[in-house]
$ cat query.txt   # compact mmCIF, C-alpha atoms and all ligand atoms
# COMPACT_ATOMS: atom_id res chain seq x y z
CA MET A 267 -17.26 2.19 5.53
CA ARG A 268 -17.39 5.88 4.67
CA ASP A 269 -20.66 7.18 3.19
CA ASP A 270 -18.80 8.54 0.18
CA ALA A 271 -16.80 5.33 -0.35
CA PRO A 272 -17.11 3.93 -3.90
CA GLU A 273 -19.03 0.68 -4.02
CA ARG A 274 -16.85 -2.42 -4.11
CA ARG A 275 -17.33 -4.79 -6.99
CA THR A 276 -15.99 -8.10 -8.23
CA ARG A 277 -14.90 -8.38 -11.85
CA LEU A 278 -12.76 -10.56 -14.04
CA HIS A 279 -9.87 -8.55 -15.51
CA ARG A 280 -7.64 -9.72 -18.31
CA VAL A 281 -3.94 -9.76 -17.49
CA ALA A 282 -2.02 -7.40 -19.79
CA ARG A 283 1.45 -8.28 -18.54
CA VAL A 284 3.39 -9.64 -15.59
CA ARG A 285 6.36 -7.28 -15.37
CA PRO A 286 9.29 -8.68 -13.36
CA LEU A 287 10.83 -6.38 -10.74
CA SER A 288 13.75 -6.97 -8.41
CA GLY A 289 13.67 -8.99 -5.19
CA GLY A 290 11.11 -11.61 -6.30
CA CYS A 291 8.51 -8.91 -6.98
CA PHE A 292 6.46 -8.22 -10.07
CA ALA A 293 3.84 -5.79 -11.32
CA LEU A 294 0.61 -7.55 -12.29
CA GLU A 295 -0.88 -5.27 -14.95
CA VAL A 296 -4.58 -5.75 -15.70
CA GLU A 297 -6.82 -4.39 -18.48
CA GLY A 298 -10.26 -2.86 -17.97
CA ALA A 299 -11.29 0.17 -15.94
CA LEU A 300 -10.95 -0.06 -12.17
CA PRO A 301 -13.22 1.94 -9.84
CA VAL A 302 -12.05 5.21 -8.29
CA THR A 303 -9.57 4.13 -5.62
CA GLY A 304 -7.82 6.06 -2.88
CA ALA A 305 -4.14 5.43 -2.17
CA GLY A 306 -3.97 2.77 0.56
CA GLN A 307 -7.19 1.01 -0.41
CA PHE A 308 -6.78 -2.59 -1.43
CA TYR A 309 -8.29 -5.31 -3.62
CA MET A 310 -8.75 -9.05 -3.07
CA LEU A 311 -7.22 -10.99 -6.00
CA ARG A 312 -7.33 -14.56 -7.20
CA THR A 313 -6.63 -16.26 -10.51
CA GLU A 314 -9.62 -17.40 -12.60
CA HIS A 315 -8.40 -21.02 -12.72
CA ARG A 316 -5.94 -23.09 -10.70
CA TRP A 317 -6.17 -20.87 -7.60
CA PRO A 318 -4.24 -22.92 -5.01
CA ALA A 319 -5.52 -21.26 -1.80
CA LEU A 320 -8.93 -21.26 -0.14
CA LEU A 321 -9.40 -17.50 -0.20
CA PRO A 322 -8.36 -14.58 -2.39
CA ARG A 323 -5.42 -12.44 -1.20
CA PRO A 324 -5.27 -8.67 -0.43
CA PHE A 325 -3.08 -6.24 -2.42
CA SER A 326 -2.84 -2.45 -2.53
CA LEU A 327 -3.54 -0.85 -5.88
CA TYR A 328 -0.12 0.17 -7.26
CA SER A 329 -1.09 2.25 -10.28
CA MET A 330 -4.19 3.30 -12.16
CA GLY A 331 -4.34 3.65 -15.95
CA GLU A 332 -6.41 6.30 -17.67
CA GLY A 333 -9.93 5.45 -18.83
CA GLU A 334 -10.17 1.79 -19.80
CA ARG A 335 -6.44 1.25 -19.42
CA GLY A 336 -6.71 -0.71 -16.19
CA GLY A 337 -4.11 -0.64 -13.47
CA SER A 338 -1.48 -2.67 -11.70
CA PHE A 339 -0.60 -4.40 -8.44
CA LEU A 340 2.93 -4.72 -7.06
CA VAL A 341 3.27 -8.22 -5.66
CA LYS A 342 6.04 -10.12 -3.90
CA ALA A 343 5.92 -13.89 -4.42
CA VAL A 344 5.91 -15.40 -0.93
CA GLY A 345 3.52 -18.36 -1.10
CA PRO A 346 0.95 -20.24 -3.20
CA GLY A 347 -1.40 -17.31 -3.93
CA THR A 348 1.24 -14.82 -4.95
CA GLU A 349 3.08 -17.51 -6.96
CA ALA A 350 -0.13 -18.29 -8.86
CA LEU A 351 -0.45 -14.60 -9.73
CA GLN A 352 3.19 -14.56 -10.83
CA ALA A 353 2.52 -17.55 -13.14
CA CYS A 354 -0.21 -15.61 -15.01
CA ARG A 355 0.42 -14.80 -18.65
CA ALA A 356 -1.02 -12.09 -20.90
CA GLY A 357 -4.61 -13.02 -21.71
CA ASP A 358 -5.24 -14.98 -18.50
CA ARG A 359 -7.89 -13.51 -16.24
CA VAL A 360 -7.95 -12.66 -12.52
CA TRP A 361 -10.84 -11.97 -10.16
CA VAL A 362 -10.49 -8.49 -8.67
CA THR A 363 -12.72 -7.36 -5.77
CA GLY A 364 -12.60 -3.82 -4.43
CA PRO A 365 -11.79 -1.16 -3.64
CA LEU A 366 -11.77 -2.12 0.05
CA GLY A 367 -10.84 -0.31 3.26
CA ARG A 368 -10.04 3.31 3.98
CA PRO A 369 -7.31 5.19 2.13
CA PHE A 370 -4.73 7.66 3.42
CA PRO A 371 -6.41 11.01 4.14
CA ASP A 372 -6.63 13.08 0.96
CA ASP A 373 -6.50 16.48 2.68
CA VAL A 374 -2.73 16.32 3.18
CA CYS A 375 -1.29 18.37 0.33
CA ASP A 376 2.39 17.45 0.65
CA PRO A 377 2.83 14.21 2.62
CA VAL A 378 6.12 12.54 3.50
CA CYS A 379 5.75 8.90 2.40
CA ILE A 380 7.89 6.29 4.14
CA ALA A 381 7.99 2.81 2.64
CA GLY A 382 9.73 -0.45 3.40
CA GLY A 383 9.91 -3.11 0.67
CA ILE A 384 6.51 -3.88 -0.88
CA GLY A 385 5.06 -1.22 1.43
CA VAL A 386 5.88 1.12 -1.42
CA ALA A 387 2.81 -0.14 -3.33
CA PRO A 388 0.23 2.48 -2.26
CA PHE A 389 2.62 5.36 -2.89
CA LEU A 390 2.83 5.08 -6.68
CA LEU A 391 -0.94 5.57 -6.86
CA LEU A 392 -0.63 8.43 -4.38
CA ALA A 393 2.09 10.04 -6.52
CA GLN A 394 -0.09 9.69 -9.65
CA GLN A 395 -3.00 11.33 -7.84
CA GLN A 396 -0.80 14.16 -6.55
CA ARG A 397 0.14 14.92 -10.15
CA GLU A 398 -3.46 14.77 -11.36
CA ARG A 399 -4.44 17.26 -8.64
CA GLY A 400 -1.59 19.65 -9.40
CA ARG A 401 -0.07 19.01 -5.98
CA PRO A 402 3.66 18.75 -5.19
CA GLN A 403 5.45 15.51 -5.94
CA PRO A 404 5.44 13.54 -2.68
CA ARG A 405 8.67 12.89 -0.86
CA LEU A 406 9.31 9.14 -0.76
CA LEU A 407 11.73 7.69 1.79
CA PHE A 408 12.13 4.16 0.43
CA GLY A 409 14.08 1.65 2.49
CA GLY A 410 15.18 -1.95 2.07
CA ARG A 411 17.90 -4.25 3.25
CA THR A 412 19.75 -4.02 -0.08
CA GLN A 413 19.22 -2.38 -3.46
CA VAL A 414 17.25 -5.35 -4.82
CA ALA A 415 14.66 -4.87 -2.05
CA LEU A 416 13.75 -1.49 -3.58
CA ALA A 417 11.35 -3.06 -6.11
CA GLY A 418 9.59 -0.55 -8.33
CA LEU A 419 12.02 2.28 -7.53
CA HIS A 420 12.29 3.31 -11.20
CA ASP A 421 8.50 3.61 -11.55
CA PHE A 422 8.72 6.75 -9.37
CA ALA A 423 11.24 8.50 -11.63
CA ASP A 424 9.04 11.42 -12.73
CA LEU A 425 6.45 11.22 -9.99
CA ALA A 426 8.13 11.61 -6.61
CA ARG A 427 11.13 13.12 -4.84
CA VAL A 428 12.73 9.81 -3.91
CA PHE A 429 15.21 9.34 -1.05
CA PRO A 430 16.33 5.68 -1.21
CA CYS A 431 18.09 4.02 1.70
CA THR A 432 19.54 0.58 2.31
CA ASP A 433 20.84 -1.19 5.41
CA ASP A 434 24.09 -2.07 3.62
CA GLY A 435 24.54 1.21 1.74
CA SER A 436 24.26 -0.53 -1.66
CA HIS A 437 21.94 2.26 -2.82
CA GLY A 438 21.28 5.73 -1.44
CA PHE A 439 21.52 6.61 2.26
CA ARG A 440 23.13 3.92 4.44
CA GLY A 441 20.91 3.08 7.40
CA LEU A 442 17.28 2.73 8.43
CA VAL A 443 14.41 4.88 7.21
CA THR A 444 14.20 6.41 10.70
CA ASP A 445 17.86 7.51 10.40
CA LEU A 446 17.07 8.94 6.98
CA LEU A 447 14.06 10.80 8.39
CA GLY A 448 16.31 12.37 11.06
CA ASP A 449 18.82 13.34 8.37
CA LEU A 450 16.16 14.96 6.16
CA LEU A 451 14.75 16.86 9.16
CA GLN A 452 18.21 18.22 9.87
CA ARG A 453 18.67 19.23 6.24
CA GLY A 454 15.25 20.91 6.09
CA GLU A 455 13.91 18.55 3.37
CA VAL A 456 11.25 17.51 5.91
CA THR A 457 9.84 19.59 8.78
CA VAL A 458 8.03 18.56 11.97
CA ALA A 459 4.90 20.26 10.58
CA ASP A 460 4.76 17.64 7.78
CA THR A 461 2.47 14.61 7.90
CA VAL A 462 3.98 11.16 7.47
CA PHE A 463 2.28 8.31 5.58
CA CYS A 464 3.97 4.97 6.24
CA CYS A 465 3.63 1.40 4.95
CA GLY A 466 5.99 -1.51 5.45
CA PRO A 467 6.94 -4.32 7.81
CA ASP A 468 5.54 -4.00 11.36
CA PRO A 469 8.88 -3.32 13.12
CA MET A 470 9.60 -0.51 10.66
CA MET A 471 6.17 1.04 11.19
CA HIS A 472 6.60 0.84 14.98
CA ALA A 473 9.94 2.64 14.67
CA VAL A 474 8.55 5.30 12.33
CA ALA A 475 5.54 5.88 14.61
CA ALA A 476 7.88 6.28 17.61
CA ALA A 477 10.18 8.64 15.70
CA CYS A 478 7.19 10.77 14.70
CA ALA A 479 5.69 10.73 18.22
CA ALA A 480 9.02 11.93 19.67
CA ARG A 481 8.82 14.95 17.35
CA GLN A 482 5.05 15.40 17.58
CA MET A 483 4.71 14.76 13.86
CA LYS A 484 1.36 13.50 12.59
CA CYS A 485 1.71 9.95 11.29
CA TYR A 486 -0.61 7.52 9.46
CA LEU A 487 0.22 3.82 9.09
CA SER A 488 -1.16 1.37 6.53
CA LEU A 489 -1.29 -2.07 8.18
CA GLU A 490 -0.78 -5.33 6.31
CA THR A 491 -2.66 -7.45 8.85
CA TYR A 492 -3.52 -11.01 7.83
CA MET A 493 -6.93 -11.01 6.16
CA ALA A 494 -9.33 -13.81 5.26
CA CYS A 495 -12.57 -12.37 3.89
CA GLY A 496 -11.50 -8.74 3.31
CA TYR A 497 -14.98 -7.29 3.91
CA GLY A 498 -15.82 -7.54 7.60
CA VAL A 499 -17.33 -10.97 8.24
CA CYS A 500 -14.53 -13.20 9.56
CA ASN A 501 -13.04 -11.01 12.34
CA GLY A 502 -9.61 -12.27 11.32
CA CYS A 503 -8.04 -8.85 10.92
CA SER A 504 -8.82 -7.13 14.24
CA VAL A 505 -6.31 -4.80 15.88
CA ALA A 506 -6.45 -3.08 19.30
CA VAL A 507 -7.41 0.59 19.00
CA ARG A 508 -8.47 3.66 20.94
CA GLY A 509 -10.16 6.85 19.83
CA GLU A 510 -13.47 8.50 19.13
CA ARG A 511 -14.11 7.00 15.75
CA PHE A 512 -14.39 3.54 17.35
CA HIS A 513 -17.11 4.67 19.82
CA GLY A 514 -15.36 3.08 22.83
CA TRP A 515 -14.92 -0.32 21.15
CA PRO A 516 -11.33 -1.55 21.80
CA TYR A 517 -10.89 -3.47 18.51
CA SER A 518 -11.12 -2.49 14.89
CA LYS A 519 -11.43 -4.56 11.72
CA THR A 520 -8.52 -3.58 9.53
CA CYS A 521 -10.36 -4.46 6.32
CA ILE A 522 -13.18 -2.00 7.08
CA GLU A 523 -11.81 0.77 9.33
CA GLY A 524 -8.21 0.33 8.11
CA PRO A 525 -5.85 -0.56 6.69
CA VAL A 526 -4.87 3.09 7.26
CA TYR A 527 -4.90 4.30 10.87
CA CYS A 528 -3.59 7.39 12.57
CA ALA A 529 -0.64 6.09 14.64
CA ASP A 530 -2.28 7.52 17.81
CA GLU A 531 -5.27 5.21 17.27
CA LEU A 532 -3.25 2.00 17.54
CA VAL A 533 -2.62 0.35 20.91
CA GLY A 534 0.65 -1.58 21.33
C1 LIG B 601 -4.24 -4.47 3.14
C2 LIG B 601 -3.11 -5.32 2.60
C3 LIG B 601 -2.40 -4.89 1.50
C4 LIG B 601 -1.38 -5.69 0.98
N1 LIG B 601 -0.72 -5.23 -0.11
C5 LIG B 601 0.25 -5.98 -0.66
C6 LIG B 601 0.91 -5.54 -1.84
O1 LIG B 601 0.61 -4.46 -2.38
N2 LIG B 601 1.86 -6.35 -2.36
C7 LIG B 601 2.20 -7.56 -1.79
O2 LIG B 601 3.07 -8.27 -2.32
N3 LIG B 601 1.59 -8.00 -0.67
C8 LIG B 601 0.63 -7.24 -0.09
N4 LIG B 601 0.00 -7.70 1.04
C9 LIG B 601 0.41 -9.00 1.61
C10 LIG B 601 -0.19 -10.12 0.77
O3 LIG B 601 -1.60 -10.12 0.93
C11 LIG B 601 0.38 -11.49 1.23
O4 LIG B 601 1.74 -11.53 0.91
C12 LIG B 601 -0.36 -12.62 0.53
O5 LIG B 601 -1.64 -12.74 1.09
C13 LIG B 601 0.39 -13.93 0.65
O6 LIG B 601 -0.40 -14.94 0.08
P1 LIG B 601 0.26 -16.32 -0.41
O7 LIG B 601 -0.87 -17.29 -0.63
O8 LIG B 601 1.20 -16.10 -1.53
O9 LIG B 601 1.16 -16.77 0.82
P2 LIG B 601 0.70 -17.36 2.24
O10 LIG B 601 0.88 -18.83 2.21
O11 LIG B 601 -0.61 -16.80 2.66
O12 LIG B 601 1.85 -16.72 3.12
C14 LIG B 601 3.24 -16.93 2.79
C15 LIG B 601 4.11 -16.34 3.89
O13 LIG B 601 3.88 -14.94 3.99
C16 LIG B 601 3.37 -14.61 5.29
N5 LIG B 601 2.27 -13.64 5.14
C17 LIG B 601 1.11 -13.80 4.46
N6 LIG B 601 0.33 -12.70 4.55
C18 LIG B 601 1.01 -11.83 5.33
C19 LIG B 601 0.74 -10.53 5.83
N7 LIG B 601 -0.40 -9.89 5.57
N8 LIG B 601 1.68 -9.94 6.61
C20 LIG B 601 2.83 -10.57 6.93
N9 LIG B 601 3.15 -11.80 6.47
C21 LIG B 601 2.26 -12.42 5.69
C22 LIG B 601 2.86 -15.93 5.88
O14 LIG B 601 3.00 -15.98 7.29
C23 LIG B 601 3.79 -16.92 5.27
O15 LIG B 601 5.01 -17.02 5.98
C24 LIG B 601 -1.03 -6.92 1.59
C25 LIG B 601 -1.74 -7.36 2.72
C26 LIG B 601 -2.76 -6.57 3.22
C27 LIG B 601 -3.54 -7.04 4.41
S1 LIG B 602 -10.62 -9.82 6.87
FE1 LIG B 602 -12.49 -10.72 7.54
S2 LIG B 602 -13.24 -9.25 8.95
FE2 LIG B 602 -11.48 -8.31 8.14

$ encode --input "query.txt" --output "C-alpha cells"
Amino acid sequence: MRDDAPERRTRLHRVARVRPLSGGCFALEVEGALPVTGAGQFYMLRTEHRWPALLPRPFSLYSMGEGERGGSFLVKAVGPGTEALQACRAGDRVWVTGPLGRPFPDDVCDPVCIAGGIGVAPFLLLAQQQRERGRPQPRLLFGGRTQVALAGLHDFADLARVFPCTDDGSHGFRGLVTDLLGDLLQRGEVTVADTVFCCGPDPMMHAVAAACAARQMKCYLSLETYMACGYGVCNGCSVAVRGERFHGWPYSKTCIEGPVYCADELVG
C-alpha cells in the first residue's frame, strides 16, 4: 500500500437509489461521505441483511458526490451477490469497505480511457476528478457487443469526449475498441505520445495492451481478478509480474499492488 494511501474503513451506508441501466446493469447510489478515492480503486460491498454469499464482492467506485452526498457503484447483475445488491431499495443499508488497491496514476493530464462493458466504471470518477482539477475532459473509447452493453454511456454526457463503438454497429463506430483506437490515431484524435488507461474483459485488455505495445504507447490496465478477502490475506488474487516495484518477486496481489498495473509489468 502506498504511504499516502487513505486509510480503508468499513461503514454502513444507506442506499439512496438503485438506478436501472441497460444490459442488466444498475447504479447503486449510497448516501454518506466516502473517503478520498482514486479512479481505479475499489470497495468491497455486501448487503446488511440477507447477503447470500460467504464474502463481500469488489466494485470500482463509479462516482463521488460532493460533501456528504455519497457516491455510486456501477454493477452488472451476474450472480447471487450482485443480484442481492440489485434487490436493495432506498433506505436499505450496505456494508462498504475501502478504498482498496492502487488507482490509475494521477500525473497523466490527458489520458485516453478505453473501456469494455462494466470496465467503464472507474472512468466516470476519473472524468469527475479531471473536471475538479481543471484538466481536459478525458477521451473515452467505450466498446460493447451492442448498444445495450454500453451501460452508463449517458452519465458521461458533459464529462468526457466519448467515442462509442459496438461489434454490430448498433451505436457509434462499428468494430472493436482496438480498431477504433487505430482510427482515432489516424485522425489525430489520439497520438502515440498519449497514455492509455484500460479496463474491461481480459481478452480486450490483452488486445489493447498489444496494440499499445506495437506503437510504443504507455498503457495501464485495471484488472478484475477474482478476489476473496480484498486486503491481502487470502492470496486468491495473485498475478504473474515483473519489474522493480516487486523487488524480484514474480507474483503480485492484485488487491494490494493492483488492480492497476502498467501493461509492461504483467507477464502473459
Ligand atoms: C477490482 C475489481 C473491480 C470490479 N469492479 C466491478 C464494477 O465496477 N462493476 C461490476 O459489475 N463488477 C465489478 N467487478 C466484478 C464483480 O466483483 C463480480 O461481478 C462479482 O464479484 C460477482 O459476484 P456475484 O456473487 O454476483 O457472482 P458470482 O457467483 O461470484 O459470479 C457469477 C459469475 O461471474 C463470474 N465472475 C465473478 N467475478 C468475476 C471476476 N472478477 N471476473 C470475471 N468473472 C467473474 C463467475 O465466474 C461466475 O460465472 C470487479 C471486480 C474486481 C476484482
Ligand atoms: S483478494 Fe485476498 S489477497 Fe487479494

$ atom_distance --input "query.txt" --atom1 "CA of Ile380 in chain A" --atom2 "CA of Asp449 in chain A"
13.7 Å

$ residues_around --input "query.txt" --residues "Ser436 in chain A" --least-positions-apart "4" --cutoff "9 Å" --atoms "all atoms listed in the file" --output "list in words"
Arg411, Thr412, Gln413, Cys431, Thr432 and Arg440 of chain A

$ write_last_selection --input "query.txt" --atoms "C-alpha atoms" --output "tab-separated table (two decimals), in the coordinates of the input"
chain	number	residue	atom	x	y	z
A	411	ARG	CA	17.90	-4.25	3.25
A	412	THR	CA	19.75	-4.02	-0.08
A	413	GLN	CA	19.22	-2.38	-3.46
A	431	CYS	CA	18.09	4.02	1.70
A	432	THR	CA	19.54	0.58	2.31
A	440	ARG	CA	23.13	3.92	4.44

$ residues_around --input "query.txt" --residues "Glu349 in chain A" --least-positions-apart "3" --cutoff "12 Å" --atoms "only C-alpha atoms" --output "list in words"
Val284, Gly290, Cys291, Phe292, Leu294, Arg312, Thr313, Arg316, Trp317, Pro318, Ala319, Arg323, Val341, Lys342, Ala343, Val344, Gly345, Pro346, Gln352, Ala353 and Cys354 of chain A

$ residues_near_ligand --input "query.txt" --ligand "ligand LIG 602 (chain B)" --cutoff "10 Å" --atoms "only C-alpha atoms and all ligand atoms" --output "list of chain:residue names"
A:Arg323, A:Pro324, A:Gly367, A:Thr491, A:Tyr492, A:Met493, A:Ala494, A:Cys495, A:Gly496, A:Tyr497, A:Gly498, A:Val499, A:Cys500, A:Asn501, A:Gly502, A:Cys503, A:Ser504, A:Val505, A:Ser518, A:Lys519, A:Thr520, A:Cys521, A:Ile522, A:Glu523, A:Gly524, A:Pro525

$ atom_distance --input "query.txt" --atom1 "CA of Glu398 in chain A" --atom2 "CA of Asp376 in chain A"
13.6 Å
